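So the structure is just underneath, and the comments pick up after that.
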Amino acid sequence: MVTTLYCYHCRTYHPKEEMRQIETKSGKRWRCIKSIEATKQGRAARETFGKQTTDINKAEAQSKARLVLNVER
Ligand SMILES: [Zn+2]
């Protein structure tokens, strides 16, 4: 029989091998590795996306500034 533990993140039971005990404000809770990794990747992906958006905005602002300068000349 597989030992399952309650995952507070998914609100379901997973095999113990896929779980990690983590410290939360309300004490020690079990959470599955999958959800921990997904959160980590999600955060990294969001940061990458945010940076890309900033770069695009910067490039756009620069090209607009250049256009304005050309018109003025
Ligand atoms: Zn889970």
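By convention here, the chains of the structure tokens are called A, B, ... in the order presented, each chain's residues are numbered starting at 1, and ligands are numbered starting at 1 in the order presented.
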Distance filter 12 Å around ligand 1, atoms: only C-alpha atoms and all ligand atoms, out as a PyMOL selection string: chain A and resi 4-21+29-39
Let me see the file: selected residues, C-alpha atoms, as a CSV table (one decimal), in the first residue's frame.
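File written: result_10.csv
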chain,number,residue,atom,x,y,z
A,4,THR,CA,-0.4,9.2,0.8
A,5,LEU,CA,-0.3,12.5,2.4
A,6,TYR,CA,-2.6,15.5,2.1
A,7,CYS,CA,-1.3,18.2,-0.1
A,8,TYR,CA,-2.6,21.6,1.1
A,9,HIS,CA,-1.8,23.1,-2.2
A,10,CYS,CA,-3.8,20.7,-4.5
A,11,ARG,CA,-6.2,19.8,-1.6
A,12,THR,CA,-5.8,16.2,-2.5
A,13,TYR,CA,-3.6,13.2,-1.6
A,14,HIS,CA,-0.3,12.3,-3.2
A,15,PRO,CA,2.1,9.4,-2.6
A,16,LYS,CA,4.6,10.3,0.2
A,17,GLU,CA,7.5,10.1,-2.2
A,18,GLU,CA,6.2,13.0,-4.1
A,19,MET,CA,5.7,15.2,-1.1
A,20,ARG,CA,7.9,17.7,0.8
A,21,GLN,CA,7.2,19.0,4.2
A,29,ARG,CA,2.4,21.3,5.9
A,30,TRP,CA,2.9,18.8,3.2
A,31,ARG,CA,3.1,19.9,-0.3
A,32,CYS,CA,3.9,18.0,-3.5
A,33,ILE,CA,7.2,18.5,-5.3
A,34,LYS,CA,5.2,19.1,-8.6
A,35,SER,CA,3.4,22.1,-7.2
A,36,ILE,CA,6.5,23.5,-5.6
A,37,GLU,CA,8.4,23.2,-8.9
A,38,ALA,CA,5.4,24.7,-10.9
A,39,THR,CA,5.4,27.7,-8.6
Which of chain A DSSP labels helix (DSSP H, G or I), written as a ChimeraX atom specification: /A:16-18,33-72
Print the selection's residues with C-alpha atoms to a file, as a compact mmCIF listing (two decimals), in the first residue's frame.
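again28.txt, freshly written:
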# COMPACT_ATOMS: atom_id res chain seq x y z
CA LYS A 16 4.55 10.34 0.23
CA GLU A 17 7.53 10.07 -2.16
CA GLU A 18 6.19 13.04 -4.13
CA ILE A 33 7.16 18.54 -5.33
CA LYS A 34 5.23 19.08 -8.56
CA SER A 35 3.36 22.09 -7.22
CA ILE A 36 6.52 23.52 -5.63
CA GLU A 37 8.38 23.23 -8.95
CA ALA A 38 5.42 24.66 -10.86
CA THR A 39 5.36 27.69 -8.57
CA LYS A 40 9.11 28.19 -8.96
CA GLN A 41 8.90 27.92 -12.75
CA GLY A 42 5.84 30.12 -12.82
CA ARG A 43 7.68 32.82 -10.91
CA ALA A 44 10.77 32.55 -13.14
CA ALA A 45 8.63 32.61 -16.27
CA ARG A 46 6.75 35.66 -15.04
CA GLU A 47 10.02 37.44 -14.25
CA THR A 48 11.39 36.62 -17.71
CA PHE A 49 8.17 37.80 -19.31
CA GLY A 50 8.17 40.98 -17.27
CA LYS A 51 11.75 41.72 -18.30
CA GLN A 52 10.98 41.04 -21.96
CA THR A 53 7.99 43.36 -21.83
CA THR A 54 10.12 46.08 -20.26
CA ASP A 55 12.76 45.66 -22.98
CA ILE A 56 10.12 45.81 -25.72
CA ASN A 57 8.60 48.93 -24.18
CA LYS A 58 12.05 50.50 -23.95
CA ALA A 59 12.85 49.66 -27.58
CA GLU A 60 9.47 51.01 -28.66
CA ALA A 61 9.95 54.21 -26.70
CA GLN A 62 13.41 54.61 -28.23
CA SER A 63 12.18 54.06 -31.78
CA LYS A 64 9.39 56.56 -31.18
CA ALA A 65 11.89 59.07 -29.82
CA ARG A 66 14.04 58.56 -32.91
CA LEU A 67 11.02 59.12 -35.16
CA VAL A 68 10.22 62.35 -33.39
CA LEU A 69 13.82 63.54 -33.77
CA ASN A 70 13.78 62.72 -37.49
CA VAL A 71 10.60 64.71 -37.97
CA GLU A 72 12.05 67.69 -36.17
Please run DSSP on the backbone and report, as a PyMOL selection string, all residues within chain A that come out as strand (DSSP E or B). chain A and resi 4-7+12-15+19-24+27-32
